[in-house]
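Remarks on the structure that follows.
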Amino acid sequence: MKARREQARNVPGEPDALEGAGVMETFEKAVLAARIADEMKAENIAVLNVTGICNFTDCFLVLSCGSSLQLRGVAHKIERGLREHGIRPISSSGYNTTGWIVLDYGDVVIHLFHPETRGYYRLESLWADAKKVKWNP
């Protein structure tokens with residue numbers, strides 16, 4: 001799993017995540033993405049610390065968007081915002097669907113949902129042992 005997290009770190013040849021500080025830490029990255037989503041009017045934003053209870057990531061960011069257009073817009077804005085810090089996703093999926101987009105950054109996995117889809121999959125219930133990370137918009 002460590003190699004997967006390291007793969008999600010800064011892109012070689014691009015600026016460090018934090019000026020003079022090296023790589024952006026996991027929860028800093030998640031909170032930055034949460035703030036971007038908040039600026040784009042996403043709703044019910046939750047940052048979940050799944051370290052030690054999930055074997056493929058350390059953090060989930062889960063949020064809702066009211067329409068497919070908003071889903072894609074928020075996802076693109078998060079990708080652009082993190083790219084400004086030299087951080088690119090390992091993979092992304094769902095841009096061509098209507099209810100769920102996933103941006104996988106290795107140590108942070110971002111789930112953007114339509115409210116009905118979020119209610120159906122109930123990730124927060126599935127990962128109920130996760131601790132919520134407090135953040136300020």
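Identifiers in this document derive from the order of the structure tokens: chains are assigned A, B, ..., residues are numbered from 1 separately in each chain, and ligands are numbered from 1 in order of occurrence.
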> Can you tell me, as a PyMOL selection string, what residues are no more than 7 Å from region 25-27 of chain A when counting only C-alpha atoms, ignoring any on the same chain fewer than 4 positions away?
Replying inline: chain A and resi 31+107-108
>> Residues within 12 Å of Thr98 (chain A), please, as an NGL selection string. Count only C-alpha atoms; anything in the same chain fewer than 5 positions from it doesn't count.
In response: :A and (65-72 or 93 or 112-118)
Resulting file, chosen residues, N, CA and C atoms, as a short mmCIF file (atom, residue, chain, number, x, y, z; two decimals), in the first residue's frame:
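The resulting file, out.cif, is shown below:
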data_model
loop_
_atom_site.label_atom_id
_atom_site.label_comp_id
_atom_site.auth_asym_id
_atom_site.auth_seq_id
_atom_site.Cartn_x
_atom_site.Cartn_y
_atom_site.Cartn_z
N CYS A 65 -23.59 16.40 -5.05
CA CYS A 65 -23.86 17.48 -6.01
C CYS A 65 -25.26 17.26 -6.56
N GLY A 66 -25.98 18.34 -6.77
CA GLY A 66 -27.39 18.26 -7.14
C GLY A 66 -27.69 17.84 -8.57
N SER A 67 -26.70 17.89 -9.44
CA SER A 67 -26.95 17.52 -10.84
C SER A 67 -25.71 16.89 -11.44
N SER A 68 -25.88 16.23 -12.57
CA SER A 68 -24.75 15.63 -13.29
C SER A 68 -23.77 16.70 -13.74
N LEU A 69 -24.30 17.84 -14.16
CA LEU A 69 -23.44 18.94 -14.59
C LEU A 69 -22.59 19.44 -13.42
N GLN A 70 -23.19 19.60 -12.25
CA GLN A 70 -22.44 20.03 -11.08
C GLN A 70 -21.40 18.98 -10.68
N LEU A 71 -21.77 17.70 -10.76
CA LEU A 71 -20.82 16.62 -10.44
C LEU A 71 -19.55 16.77 -11.27
N ARG A 72 -19.72 16.89 -12.58
CA ARG A 72 -18.57 17.00 -13.46
C ARG A 72 -17.79 18.30 -13.20
N SER A 93 -12.92 7.93 -12.60
CA SER A 93 -13.97 7.22 -13.33
C SER A 93 -15.32 7.84 -13.00
N LEU A 112 -17.71 11.70 -5.47
CA LEU A 112 -18.69 12.74 -5.75
C LEU A 112 -19.98 12.05 -6.17
N PHE A 113 -21.04 12.29 -5.44
CA PHE A 113 -22.29 11.58 -5.65
C PHE A 113 -23.45 12.52 -5.98
N HIS A 114 -24.39 12.02 -6.75
CA HIS A 114 -25.74 12.57 -6.78
C HIS A 114 -26.38 12.11 -5.48
N PRO A 115 -27.20 12.92 -4.81
CA PRO A 115 -27.75 12.53 -3.50
C PRO A 115 -28.43 11.16 -3.48
N GLU A 116 -29.17 10.81 -4.51
CA GLU A 116 -29.85 9.51 -4.52
C GLU A 116 -28.85 8.37 -4.58
N THR A 117 -27.80 8.54 -5.37
CA THR A 117 -26.77 7.50 -5.48
C THR A 117 -26.01 7.37 -4.16
N ARG A 118 -25.72 8.50 -3.54
CA ARG A 118 -25.04 8.47 -2.25
C ARG A 118 -25.88 7.74 -1.22
#
>> Taking the DSSP secondary structure from the backbone, can you list the residues of chain A that are helix (DSSP H, G or I), as a PyMOL selection string?
In response: chain A and resi 2-7+26-39+68-83+115-121+123-126
> Hey, can you check how far CA of Val74 (chain A) sits from CA of Leu126 (chain A)?
Replying inline: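 Straight-line distance from CA of Val74 (chain A) to CA of Leu126 (chain A) works out to 23.9 Å.
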